[in-house]
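A.B. asks: Below you'll find model-v2.cif; it's mmCIF, C-alpha atoms.
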```
data_structure
#
loop_
_atom_site.label_atom_id
_atom_site.label_comp_id
_atom_site.auth_asym_id
_atom_site.auth_seq_id
_atom_site.Cartn_x
_atom_site.Cartn_y
_atom_site.Cartn_z
CA MET O 1 0.00 0.00 0.00
CA PRO O 2 1.49 3.39 -0.95
CA GLU O 3 2.31 5.76 1.89
CA GLN O 4 -0.39 8.34 2.50
CA SER O 5 0.54 11.87 1.52
CA PRO O 6 1.04 14.22 4.50
CA PHE O 7 -1.44 16.57 2.80
CA GLU O 8 -4.22 13.96 2.99
CA LEU O 9 -5.71 14.13 6.46
CA ALA O 10 -8.34 11.92 8.02
CA GLU O 11 -11.78 13.43 7.96
CA GLY O 12 -12.25 15.69 10.95
CA ASP O 13 -8.56 15.75 11.90
CA PRO O 14 -8.37 18.27 14.79
CA PHE O 15 -5.06 19.58 13.43
CA GLY O 16 -6.23 20.36 9.93
CA PRO O 17 -6.06 23.67 8.05
CA HIS O 18 -8.66 25.20 10.37
CA ASN O 19 -6.22 24.95 13.30
CA LEU O 20 -2.51 25.40 12.39
CA PRO O 21 -0.99 25.79 15.88
CA TYR O 22 2.60 27.01 16.31
CA GLY O 23 5.45 25.31 18.13
CA VAL O 24 9.21 24.78 18.21
CA PHE O 25 10.87 21.52 17.21
CA SER O 26 14.19 19.89 16.37
CA THR O 27 15.09 16.86 14.26
CA THR O 28 17.39 13.93 14.94
CA ASP O 29 19.89 15.04 12.29
CA ALA O 30 20.17 18.52 13.84
CA PRO O 31 19.19 18.14 17.52
CA ASP O 32 20.66 21.51 18.54
CA GLN O 33 18.83 23.47 15.85
CA ARG O 34 15.45 24.57 17.14
CA ARG O 35 13.00 25.67 14.47
CA VAL O 36 9.59 27.30 14.39
CA GLY O 37 6.93 24.99 13.03
CA VAL O 38 3.20 24.58 12.52
CA ARG O 39 1.41 21.32 13.16
CA TYR O 40 -0.58 19.90 10.26
CA GLY O 41 -2.15 16.53 10.96
CA ARG O 42 0.63 14.17 12.06
CA HIS O 43 3.37 16.36 10.59
CA VAL O 44 5.20 19.56 11.47
CA LEU O 45 5.75 22.18 8.77
CA ASP O 46 9.17 23.81 9.07
CA LEU O 47 8.37 27.53 8.93
CA SER O 48 12.03 28.52 9.02
CA ALA O 49 12.40 26.99 5.53
CA LEU O 50 9.04 28.11 4.14
CA PRO O 51 10.21 31.59 2.98
CA SER O 52 12.70 29.93 0.63
CA ALA O 53 10.07 27.55 -0.72
CA LEU O 54 7.34 30.17 -1.14
CA PRO O 55 9.20 33.49 -1.25
CA ALA O 56 6.36 35.58 -2.66
CA ALA O 57 3.94 34.61 0.08
CA ILE O 58 6.04 34.74 3.22
CA HIS O 59 9.55 36.04 2.51
CA PRO O 60 8.91 39.51 4.07
CA HIS O 61 8.54 37.76 7.42
CA ALA O 62 11.48 35.38 7.12
CA GLU O 63 13.38 36.87 10.07
CA LEU O 64 10.42 36.30 12.38
CA LEU O 65 10.48 32.58 11.63
CA ALA O 66 14.23 31.97 11.65
CA GLY O 67 14.92 31.91 15.38
CA PRO O 68 14.68 29.16 17.98
CA THR O 69 11.54 30.53 19.67
CA LEU O 70 8.19 32.04 18.75
CA ASN O 71 8.99 35.35 20.47
CA PRO O 72 9.87 37.38 17.34
CA LEU O 73 6.63 36.27 15.73
CA LEU O 74 4.69 36.98 18.93
CA ALA O 75 5.99 40.54 19.02
CA ALA O 76 5.11 41.25 15.38
CA GLY O 77 1.44 41.96 16.00
CA ARG O 78 -1.92 40.80 14.75
CA PRO O 79 -1.74 41.98 11.10
CA VAL O 80 1.48 39.98 10.65
CA TRP O 81 0.03 37.00 12.52
CA GLN O 82 -2.88 36.98 10.09
CA GLN O 83 -0.65 37.32 7.02
CA ILE O 84 1.55 34.40 8.07
CA ARG O 85 -1.44 32.27 9.02
CA ALA O 86 -2.96 32.88 5.58
CA ALA O 87 0.34 31.97 3.88
CA VAL O 88 0.65 28.76 5.92
CA HIS O 89 -2.95 27.84 5.11
CA SER O 90 -2.20 28.26 1.40
CA ALA O 91 1.02 26.27 1.70
CA VAL O 92 -0.74 23.17 3.05
CA THR O 93 -4.00 23.39 1.06
CA ASP O 94 -3.06 24.69 -2.42
CA PRO O 95 -2.01 21.77 -4.67
CA ALA O 96 0.20 24.16 -6.64
CA HIS O 97 2.58 24.38 -3.64
CA ARG O 98 2.88 20.67 -2.85
CA ASP O 99 6.21 20.02 -4.55
CA GLU O 100 7.88 22.87 -2.66
CA VAL O 101 6.16 22.23 0.68
CA ALA O 102 6.31 18.43 0.92
CA PRO O 103 10.04 18.29 1.87
CA LEU O 104 9.34 20.73 4.73
CA LEU O 105 6.82 18.43 6.44
CA HIS O 106 8.41 16.29 9.18
CA PRO O 107 6.56 13.35 10.76
CA LEU O 108 5.49 14.32 14.25
CA ASP O 109 6.84 11.13 15.79
CA GLU O 110 10.31 11.86 14.39
CA VAL O 111 10.82 15.30 15.93
CA THR O 112 11.45 16.60 19.44
CA LEU O 113 9.13 19.34 20.68
CA HIS O 114 10.38 22.14 22.93
CA LEU O 115 9.03 24.98 25.06
CA PRO O 116 7.63 27.11 22.23
CA PHE O 117 8.38 30.58 23.63
CA GLU O 118 10.59 32.30 26.18
CA VAL O 119 8.36 33.01 29.15
CA ALA O 120 8.67 36.60 30.36
CA ASP O 121 6.26 36.71 33.31
CA TYR O 122 3.73 34.20 34.59
CA VAL O 123 0.43 35.00 36.28
CA ASP O 124 -2.05 32.41 37.50
CA PHE O 125 -5.67 33.34 38.13
CA TYR O 126 -8.47 31.81 40.19
CA SER O 127 -11.40 32.26 37.80
CA SER O 128 -13.69 29.25 38.16
CA GLU O 129 -16.56 29.90 40.55
CA HIS O 130 -17.12 26.16 40.91
CA HIS O 131 -13.46 25.55 41.80
CA ALA O 132 -13.23 28.50 44.18
CA THR O 133 -16.45 27.48 45.92
CA ASN O 134 -15.39 23.86 46.31
CA VAL O 135 -11.96 24.81 47.64
CA GLY O 136 -13.48 27.37 50.01
CA ARG O 137 -15.78 24.75 51.48
CA ILE O 138 -12.83 22.40 52.02
CA PHE O 139 -10.47 24.99 53.53
CA ARG O 140 -13.05 27.18 55.32
CA PRO O 141 -15.99 24.92 56.22
CA ASN O 142 -17.33 27.34 58.82
CA ASN O 143 -17.10 30.48 56.68
CA ALA O 144 -18.31 31.76 53.33
CA ALA O 145 -16.89 29.65 50.51
CA LEU O 146 -15.97 32.63 48.31
CA PRO O 147 -13.89 35.53 49.66
CA PRO O 148 -15.76 38.86 49.55
CA ASN O 149 -13.76 40.22 46.61
CA TRP O 150 -14.13 37.16 44.36
CA LYS O 151 -17.00 38.40 42.15
CA HIS O 152 -15.60 41.94 41.93
CA LEU O 153 -12.20 41.14 40.40
CA PRO O 154 -10.21 38.24 38.94
CA ILE O 155 -8.00 37.03 41.80
CA GLY O 156 -4.50 35.99 40.76
CA TYR O 157 -0.89 35.70 41.82
CA HIS O 158 2.48 36.11 40.12
CA GLY O 159 4.20 32.78 39.56
CA ARG O 160 7.73 31.81 38.60
CA ALA O 161 8.43 32.05 34.87
CA GLY O 162 11.67 30.10 35.16
CA THR O 163 9.89 26.88 36.10
CA VAL O 164 7.41 26.88 33.22
CA VAL O 165 8.36 23.73 31.29
CA ALA O 166 7.28 21.99 28.11
CA THR O 167 5.06 18.95 28.03
CA GLY O 168 6.97 15.75 28.66
CA THR O 169 9.34 17.33 31.18
CA PRO O 170 9.39 15.20 34.37
CA VAL O 171 7.97 16.84 37.49
CA VAL O 172 10.12 16.31 40.58
CA ARG O 173 8.19 16.08 43.82
CA PRO O 174 8.96 19.24 45.81
CA ASN O 175 10.30 19.44 49.34
CA GLY O 176 9.05 22.02 51.78
CA GLN O 177 7.49 22.81 55.12
CA ARG O 178 4.07 21.42 55.93
CA LYS O 179 1.94 21.58 59.08
CA ALA O 180 -1.35 19.84 59.75
CA PRO O 181 -3.82 21.79 61.93
CA ALA O 182 -3.27 19.42 64.86
CA ASP O 183 0.53 19.56 64.68
CA GLU O 184 2.40 21.70 67.17
CA ALA O 185 5.18 22.62 64.73
CA PRO O 186 5.91 22.30 61.02
CA THR O 187 7.88 19.43 59.55
CA PHE O 188 10.06 19.34 56.43
CA GLY O 189 10.18 16.82 53.61
CA PRO O 190 8.64 15.77 50.31
CA SER O 191 5.09 16.89 49.63
CA THR O 192 2.58 14.14 50.37
CA ARG O 193 -0.34 15.97 48.73
CA LEU O 194 0.94 16.59 45.21
CA ASP O 195 -1.88 17.71 42.95
CA ILE O 196 -2.71 18.86 39.43
CA GLU O 197 -4.54 21.92 38.17
CA ALA O 198 -6.09 21.66 34.71
CA GLU O 199 -5.93 25.13 33.18
CA VAL O 200 -5.94 27.09 29.94
CA GLY O 201 -3.09 29.55 29.28
CA PHE O 202 -2.90 32.69 27.15
CA VAL O 203 0.34 33.83 25.51
CA VAL O 204 1.01 37.56 25.11
CA GLY O 205 2.56 38.75 21.87
CA VAL O 206 2.57 42.53 21.63
CA PRO O 207 3.87 44.33 24.74
CA SER O 208 2.18 47.32 26.30
CA THR O 209 3.50 50.61 27.65
CA LEU O 210 4.19 51.01 31.35
CA HIS O 211 1.42 52.93 33.13
CA GLN O 212 -1.05 52.42 30.24
CA PRO O 213 -3.75 49.84 31.05
CA VAL O 214 -4.94 47.43 28.37
CA GLY O 215 -8.70 47.59 27.87
CA LEU O 216 -11.07 44.73 27.20
CA ASP O 217 -11.40 45.70 23.55
CA SER O 218 -7.61 45.41 23.03
CA PHE O 219 -7.39 41.75 24.00
CA ARG O 220 -6.89 40.46 20.43
CA ASP O 221 -4.22 43.09 19.76
CA HIS O 222 -1.98 41.73 22.51
CA VAL O 223 -2.78 38.02 22.96
CA PHE O 224 -1.41 35.66 20.32
CA GLY O 225 -2.95 32.37 21.30
CA VAL O 226 -3.93 29.63 23.71
CA CYS O 227 -2.19 26.62 25.25
CA LEU O 228 -2.97 23.97 27.82
CA VAL O 229 -1.47 24.34 31.30
CA ASN O 230 -1.00 22.01 34.26
CA ASP O 231 -0.09 24.17 37.26
CA TRP O 232 1.19 21.48 39.61
CA SER O 233 0.41 22.14 43.28
CA ALA O 234 1.76 20.82 46.56
CA ARG O 235 -1.33 21.22 48.72
CA ASP O 236 0.33 20.53 52.07
CA ILE O 237 3.11 23.07 51.44
CA GLN O 238 0.57 25.53 50.06
CA ALA O 239 -1.81 25.25 53.02
CA TRP O 240 0.93 26.10 55.53
CA GLU O 241 2.59 28.95 53.64
CA TYR O 242 -0.20 30.78 51.83
CA VAL O 243 -1.57 32.81 54.76
CA PRO O 244 -1.39 35.78 54.54
CA LEU O 245 0.37 36.40 51.20
CA GLY O 246 -0.64 33.56 48.91
CA PRO O 247 0.99 30.72 46.91
CA PHE O 248 4.77 30.45 46.85
CA LEU O 249 6.79 27.21 47.09
CA GLY O 250 3.65 25.10 46.83
CA LYS O 251 3.23 26.32 43.24
CA SER O 252 6.58 27.54 41.96
CA PHE O 253 8.33 24.18 41.45
CA ALA O 254 6.74 23.38 38.05
CA THR O 255 4.12 24.60 35.59
CA SER O 256 3.75 22.48 32.44
CA VAL O 257 2.49 23.85 29.12
CA SER O 258 1.57 22.17 25.86
CA ALA O 259 3.93 22.28 22.90
CA TRP O 260 1.40 23.96 20.60
CA ILE O 261 0.05 27.51 20.76
CA THR O 262 -3.30 27.74 18.98
CA PRO O 263 -3.88 31.20 17.47
CA LEU O 264 -6.88 33.09 18.80
CA ASP O 265 -8.23 33.38 15.25
CA ALA O 266 -8.55 29.59 15.09
CA LEU O 267 -11.01 29.69 17.99
CA ASP O 268 -13.57 32.12 16.57
CA GLU O 269 -16.24 29.41 16.29
CA ALA O 270 -15.68 28.47 19.94
CA ARG O 271 -16.48 31.88 21.36
CA THR O 272 -19.28 31.73 23.92
CA PRO O 273 -20.80 34.08 26.53
CA PRO O 274 -19.46 33.61 30.06
CA PRO O 275 -21.85 32.62 32.86
CA ALA O 276 -24.28 35.29 33.99
CA ARG O 277 -22.75 37.67 36.52
CA ASP O 278 -24.86 38.38 39.59
CA VAL O 279 -22.70 41.23 40.94
CA PRO O 280 -22.32 44.52 39.00
CA LEU O 281 -18.85 44.98 37.51
CA LEU O 282 -16.73 48.11 37.57
CA PRO O 283 -16.46 49.73 34.12
CA TYR O 284 -12.98 48.43 33.24
CA LEU O 285 -14.25 44.84 33.69
CA ASP O 286 -17.73 45.27 32.23
CA ASP O 287 -17.77 43.30 28.98
CA ALA O 288 -21.43 43.78 28.13
CA GLY O 289 -21.79 44.49 24.41
CA LEU O 290 -18.34 43.17 23.50
CA GLU O 291 -17.59 39.93 21.66
CA PRO O 292 -18.29 36.87 23.82
CA GLY O 293 -15.32 36.46 26.13
CA GLY O 294 -15.72 32.78 26.96
CA ILE O 295 -14.23 29.94 24.91
CA ASP O 296 -15.89 26.55 24.64
CA ILE O 297 -12.86 24.36 25.35
CA HIS O 298 -13.39 20.76 26.48
CA ILE O 299 -10.55 19.44 28.65
CA GLU O 300 -9.87 15.80 29.50
CA VAL O 301 -7.65 14.76 32.42
CA ARG O 302 -6.04 11.31 32.48
CA ILE O 303 -3.92 9.82 35.24
CA ASN O 304 -1.97 6.73 34.17
CA GLY O 305 -4.23 6.48 31.14
CA ALA O 306 -7.54 6.57 33.01
CA VAL O 307 -9.91 9.50 32.52
CA VAL O 308 -10.62 11.16 35.87
CA SER O 309 -12.29 14.40 34.77
CA ARG O 310 -13.60 16.43 31.85
CA PRO O 311 -13.57 20.10 32.92
CA PRO O 312 -15.46 22.61 30.72
CA PHE O 313 -13.65 25.92 30.14
CA SER O 314 -16.92 27.54 29.07
CA ALA O 315 -17.99 27.54 32.73
CA MET O 316 -15.27 30.01 33.79
CA TYR O 317 -16.70 33.08 35.54
CA TRP O 318 -13.90 35.46 34.54
CA THR O 319 -12.72 35.64 30.92
CA ALA O 320 -9.18 35.98 29.62
CA ALA O 321 -9.91 39.51 28.41
CA GLN O 322 -11.02 40.50 31.92
CA GLN O 323 -7.93 38.89 33.40
CA LEU O 324 -5.71 40.88 31.03
CA ALA O 325 -7.58 44.12 31.79
CA HIS O 326 -7.27 43.59 35.54
CA MET O 327 -3.62 42.55 35.30
CA THR O 328 -2.73 45.88 33.68
CA VAL O 329 -5.25 48.30 35.18
CA ASN O 330 -2.72 49.48 37.75
CA GLY O 331 -0.28 50.39 34.97
CA ALA O 332 1.70 47.14 34.95
CA SER O 333 3.06 46.53 31.46
CA LEU O 334 2.94 43.44 29.28
CA ARG O 335 6.02 41.82 27.75
CA THR O 336 6.30 39.54 24.76
CA GLY O 337 6.14 36.00 26.09
CA ASP O 338 4.02 36.76 29.14
CA LEU O 339 1.87 33.79 30.10
CA PHE O 340 -1.29 34.09 32.12
CA ALA O 341 -3.39 31.09 33.06
CA SER O 342 -7.04 30.71 33.94
CA GLY O 343 -6.66 28.92 37.23
CA THR O 344 -8.15 25.48 37.79
CA VAL O 345 -11.01 24.76 35.38
CA SER O 346 -13.94 23.07 37.10
CA GLY O 347 -17.58 22.65 36.17
CA PRO O 348 -20.69 22.05 38.27
CA ASP O 349 -20.70 18.25 38.00
CA PRO O 350 -18.61 15.70 39.95
CA ASP O 351 -16.86 14.51 36.78
CA GLN O 352 -15.89 18.07 35.77
CA LEU O 353 -13.47 18.95 38.55
CA GLY O 354 -9.98 20.06 37.57
CA CYS O 355 -7.85 18.97 40.54
CA LEU O 356 -7.55 16.09 42.98
CA LEU O 357 -8.26 18.38 45.92
CA GLU O 358 -11.80 18.75 44.61
CA LEU O 359 -12.18 15.26 43.17
CA THR O 360 -11.37 13.71 46.56
CA VAL O 361 -12.86 16.50 48.74
CA GLY O 362 -9.43 17.09 50.20
CA LYS O 363 -8.97 13.52 51.41
CA GLY O 364 -6.74 12.15 48.65
CA PRO O 365 -5.19 10.03 47.35
CA TYR O 366 -2.87 12.50 45.67
CA LEU O 367 -0.21 11.83 43.07
CA GLN O 368 2.32 9.08 43.71
CA ASP O 369 5.86 8.83 42.33
CA GLY O 370 5.68 7.37 38.85
CA ASP O 371 2.19 8.66 38.10
CA GLU O 372 1.74 10.26 34.70
CA VAL O 373 -0.82 13.00 34.12
CA THR O 374 -1.99 14.02 30.65
CA LEU O 375 -4.31 16.88 29.75
CA THR O 376 -5.86 17.09 26.28
CA ALA O 377 -8.48 19.46 24.94
CA TRP O 378 -10.54 20.44 21.93
CA ALA O 379 -12.83 23.27 20.91
CA PRO O 380 -15.53 23.46 18.23
CA GLY O 381 -14.33 24.73 14.86
CA PRO O 382 -15.95 25.60 11.53
CA ALA O 383 -18.42 23.21 9.89
CA GLY O 384 -18.52 20.92 12.90
CA VAL O 385 -14.81 20.03 13.01
CA ARG O 386 -12.79 20.10 16.20
CA ILE O 387 -9.80 22.28 17.05
CA GLY O 388 -7.17 20.24 18.91
CA LEU O 389 -5.13 21.94 21.61
CA GLY O 390 -2.52 19.21 21.80
CA GLU O 391 -1.63 17.77 25.17
CA VAL O 392 0.44 18.48 28.26
CA THR O 393 1.99 15.50 30.04
CA GLY O 394 4.18 15.12 33.10
CA ARG O 395 5.44 12.15 35.10
CA ILE O 396 6.17 12.45 38.83
CA LEU O 397 9.73 11.71 39.98
CA PRO O 398 10.80 11.28 43.63
CA ALA O 399 11.89 14.29 45.65
CA PRO O 400 15.63 14.94 45.75
CA ALA O 401 17.70 14.84 48.90
CA VAL O 402 18.03 18.27 50.49
CA PRO O 403 21.13 19.39 52.43
CA GLY O 404 20.34 19.54 56.12
CA ARG O 405 18.26 17.40 58.41
CA GLU O 406 14.68 16.44 57.62
CA THR O 407 12.14 16.34 60.38
CA PRO O 408 9.91 13.29 60.54
#
```
Output the file's structure as structure tokens, nothing else.
C.D. replies:
Amino acid sequence: MPEQSPFELAEGDPFGPHNLPYGVFSTTDAPDQRRVGVRYGRHVLDLSALPSALPAAIHPHAELLAGPTLNPLLAAGRPVWQQIRAAVHSAVTDPAHRDEVAPLLHPLDEVTLHLPFEVADYVDFYSSEHHATNVGRIFRPNNAALPPNWKHLPIGYHGRAGTVVATGTPVVRPNGQRKAPADEAPTFGPSTRLDIEAEVGFVVGVPSTLHQPVGLDSFRDHVFGVCLVNDWSARDIQAWEYVPLGPFLGKSFATSVSAWITPLDALDEARTPPPARDVPLLPYLDDAGLEPGGIDIHIEVRINGAVVSRPPFSAMYWTAAQQLAHMTVNGASLRTGDLFASGTVSGPDPDQLGCLLELTVGKGPYLQDGDEVTLTAWAPGPAGVRIGLGEVTGRILPAPAVPGRETP
């Protein structure tokens, strides 16, 4: 049987010409040469070589595609993003280009995927009402589940950009202090309550000017695309350290992202209104009359191959545009490569919860050494096809030895 052409995709392939997500890859014959690519079916199109193959269509942007990261392309702005996306679409769909483009398509299982962009800053939000309510009931059973500010602003914290890693990177169990409520003093050692957080991330392309907030209607001008995120969490370390300032060591040890960044323009068909708000919003967060800020993304969480949850991103109370507006309303500036994540995605049903803390009502079991967690997701696309968001996978490795003496 003749080998199927890389241009011939299975019907409904979630990585067809309606998607075209961006990433960074290397090949076995040049492992140190990282190249910008676009996924098409089960292949990766080498964008660094495309300007030579199709000079009329894409040569003006050759420098943006020649480097080892997506950052130059991210910084170029939406008109350029759209021009390159159109050229890539033509390259993989126009039969007239097949002879030039075919040598640039590498089988996906023969390349190595890398962190697709240099992360500038990382912010994690707390934008699911279902998640925040469930966690509040676990941590504060005798008080209101939601803090008083929760429906007035998107709560978030600044994470550690240096520990954002690409899918497939092992996750080493963190050490730290932990103290149960009944304990007289804290102990030190490996986290025993290692958890996941299924999230959706947004990658900033165009920076903003210091002291100039970014409004809701400027979201598409600054945000390039979407990726999957697993913001690993050590619940025992977090519970002891987070009062009064918030997450620190319990979150900063690893945040995994998918290898593919799906452009916002690929998700137009997935736009959906967010849940109804029952508290009036201040003007800079009021999105009434603007394009629907929610995105209908369907996430699936597997642990060691077994599905444990299917969180719906459409249920998120706060949208990415509101998160961006709040993040900059005090004058904080954006940088190319900024990543901000939604916070744990959870829905109203028991099989829609995005972390083990919720799935087990705080009782565990949590992740064990050797466990492998994989998040996948899709969104509705044009004419009933699906948009694939790739996957983010991490396997848990044992905690390292730490200089000093551990307490029992």
A.B. asks: Residues of region 272-375 of chain O within 10 Å of region 168-183 of chain O: nearest atom pair and distance (Å, one decimal) for each, counting only C-alpha atoms, sorted by chain and number, as a Markdown table?
C.D. replies:
```
| residue | atom | partner | partner_atom | distance |
| --- | --- | --- | --- | --- |
| O:Leu367 | CA | O:Arg173 | CA | 9.4 |
| O:Gln368 | CA | O:Arg173 | CA | 9.1 |
| O:Asp369 | CA | O:Arg173 | CA | 7.8 |
| O:Gly370 | CA | O:Pro170 | CA | 9.8 |
| O:Glu372 | CA | O:Pro170 | CA | 9.1 |
| O:Val373 | CA | O:Gly168 | CA | 9.9 |
| O:Thr374 | CA | O:Gly168 | CA | 9.3 |
```
A.B. asks: Run the PyMOL selection byres ((chain O and resi 195) around 8) mentally over the shown coordinates, then write out the matched residues as a ChimeraX atom specification, using the chain letters and numbers from the document.
C.D. replies: /O:193-194,196-197,232-235,355-357,366-367
A.B. asks: Have a look at O:Val279, O:Ala332, O:Leu249, O:Val38 and name the one nearest to Pro107 (chain O); count only C-alpha atoms.
C.D. replies: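 Of the candidates, the smallest distance to Pro107 (chain O) is held by O:Val38.
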A.B. asks: Using all atoms listed in the file, tabulate the residues of region 297-332 of chain O lying at most 6 Å from any atom of region 122-129 of chain O, each with its closest atom pair and that distance in Å to one decimal, by chain and increasing residue number, as a tab-separated table.
C.D. replies:
```
residue	atom	partner	partner_atom	distance
O:Met316	CA	O:Ser128	CA	4.7
O:Tyr317	CA	O:Ser128	CA	5.5
O:Trp318	CA	O:Ser127	CA	5.2
```
A.B. asks: Write out the residues from the selection above, keeping C-alpha atoms, as a CSV table (one decimal), in the coordinates of the input.
C.D. replies:
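Generated file (result.csv):
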```
chain,number,residue,atom,x,y,z
O,316,MET,CA,-15.3,30.0,33.8
O,317,TYR,CA,-16.7,33.1,35.5
O,318,TRP,CA,-13.9,35.5,34.5
```
A.B. asks: Using the chain letters and numbering of this document, enumerate as a VMD selection string the residues selected by the PyMOL selection byres ((chain O and resi 19) around 9).
C.D. replies: chain O and resid 14 to 18 20 to 21 39 to 40 262 to 263 265 to 267 381 386 to 389
A.B. asks: For Ser218 (chain O), which residue among O:Asn149, O:Thr192, O:Gln322, O:Asn142 is the nearest when counting all atoms listed in the file?
C.D. replies: O:Gln322
A.B. asks: Set the distance at 10 Å and use only C-alpha atoms: which residues neighbour region 69-83 of chain O once local chain neighbours fewer than 3 positions away are removed? I'd like the list as a PDB file with C-alpha atoms, in the frame of the given file.
C.D. replies:
```
ATOM      1  CA  TYR O  22       2.600  27.010  16.310  1.00  0.00           C
ATOM      2  CA  GLY O  23       5.450  25.310  18.130  1.00  0.00           C
ATOM      3  CA  VAL O  24       9.210  24.780  18.210  1.00  0.00           C
ATOM      4  CA  PHE O  25      10.870  21.520  17.210  1.00  0.00           C
ATOM      5  CA  ARG O  34      15.450  24.570  17.140  1.00  0.00           C
ATOM      6  CA  ARG O  35      13.000  25.670  14.470  1.00  0.00           C
ATOM      7  CA  VAL O  36       9.590  27.300  14.390  1.00  0.00           C
ATOM      8  CA  GLY O  37       6.930  24.990  13.030  1.00  0.00           C
ATOM      9  CA  ALA O  57       3.940  34.610   0.080  1.00  0.00           C
ATOM     10  CA  ILE O  58       6.040  34.740   3.220  1.00  0.00           C
ATOM     11  CA  PRO O  60       8.910  39.510   4.070  1.00  0.00           C
ATOM     12  CA  HIS O  61       8.540  37.760   7.420  1.00  0.00           C
ATOM     13  CA  ALA O  62      11.480  35.380   7.120  1.00  0.00           C
ATOM     14  CA  GLU O  63      13.380  36.870  10.070  1.00  0.00           C
ATOM     15  CA  LEU O  64      10.420  36.300  12.380  1.00  0.00           C
ATOM     16  CA  LEU O  65      10.480  32.580  11.630  1.00  0.00           C
ATOM     17  CA  ALA O  66      14.230  31.970  11.650  1.00  0.00           C
ATOM     18  CA  ALA O  86      -2.960  32.880   5.580  1.00  0.00           C
ATOM     19  CA  ALA O  87       0.340  31.970   3.880  1.00  0.00           C
ATOM     20  CA  VAL O  88       0.650  28.760   5.920  1.00  0.00           C
ATOM     21  CA  HIS O  89      -2.950  27.840   5.110  1.00  0.00           C
ATOM     22  CA  HIS O 114      10.380  22.140  22.930  1.00  0.00           C
ATOM     23  CA  LEU O 115       9.030  24.980  25.060  1.00  0.00           C
ATOM     24  CA  PRO O 116       7.630  27.110  22.230  1.00  0.00           C
ATOM     25  CA  PHE O 117       8.380  30.580  23.630  1.00  0.00           C
ATOM     26  CA  GLU O 118      10.590  32.300  26.180  1.00  0.00           C
ATOM     27  CA  VAL O 119       8.360  33.010  29.150  1.00  0.00           C
ATOM     28  CA  ALA O 120       8.670  36.600  30.360  1.00  0.00           C
ATOM     29  CA  VAL O 203       0.340  33.830  25.510  1.00  0.00           C
ATOM     30  CA  VAL O 204       1.010  37.560  25.110  1.00  0.00           C
ATOM     31  CA  GLY O 205       2.560  38.750  21.870  1.00  0.00           C
ATOM     32  CA  VAL O 206       2.570  42.530  21.630  1.00  0.00           C
ATOM     33  CA  PRO O 207       3.870  44.330  24.740  1.00  0.00           C
ATOM     34  CA  ARG O 220      -6.890  40.460  20.430  1.00  0.00           C
ATOM     35  CA  ASP O 221      -4.220  43.090  19.760  1.00  0.00           C
ATOM     36  CA  HIS O 222      -1.980  41.730  22.510  1.00  0.00           C
ATOM     37  CA  VAL O 223      -2.780  38.020  22.960  1.00  0.00           C
ATOM     38  CA  PHE O 224      -1.410  35.660  20.320  1.00  0.00           C
ATOM     39  CA  GLY O 225      -2.950  32.370  21.300  1.00  0.00           C
ATOM     40  CA  ILE O 261       0.050  27.510  20.760  1.00  0.00           C
ATOM     41  CA  PRO O 263      -3.880  31.200  17.470  1.00  0.00           C
ATOM     42  CA  ASP O 265      -8.230  33.380  15.250  1.00  0.00           C
ATOM     43  CA  ARG O 335       6.020  41.820  27.750  1.00  0.00           C
ATOM     44  CA  THR O 336       6.300  39.540  24.760  1.00  0.00           C
ATOM     45  CA  GLY O 337       6.140  36.000  26.090  1.00  0.00           C
TER      46      GLY O 337
END
```
A.B. asks: Going by the chain IDs and residue numbers used in this file, which residues fall under the PyMOL selection byres ((chain O and resi 344) around 7)? Write them as a ChimeraX atom specification.
C.D. replies: /O:126,128,131,197-199,342-343,345-346,354
A.B. asks: Looking at all atoms listed in the file, which of O:Ala325, O:Leu210, O:Leu375, O:Val200 is the one that sits closest to Asp296 (chain O)?
C.D. replies: O:Val200
A.B. asks: Can you tell me how far CA of Ala315 (chain O) sits from CA of Asp278 (chain O), in Å to one decimal?
C.D. replies: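 Rounded to one decimal, the two atoms are 14.6 Å apart.
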A.B. asks: Quick one: pull the distance between CA of Pro154 (chain O) and CA of Met327 (chain O), Å, one decimal.
C.D. replies: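 About the pair CA of Pro154 (chain O) and CA of Met327 (chain O): they are 8.7 Å apart.
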A.B. asks: Figure out the distance between CA of His130 (chain O) and CA of Lys363 (chain O), please, to one decimal in Å.
C.D. replies: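 Computing the Euclidean distance for CA of Lys363 (chain O) and CA of His130 (chain O) yields 18.3 Å.
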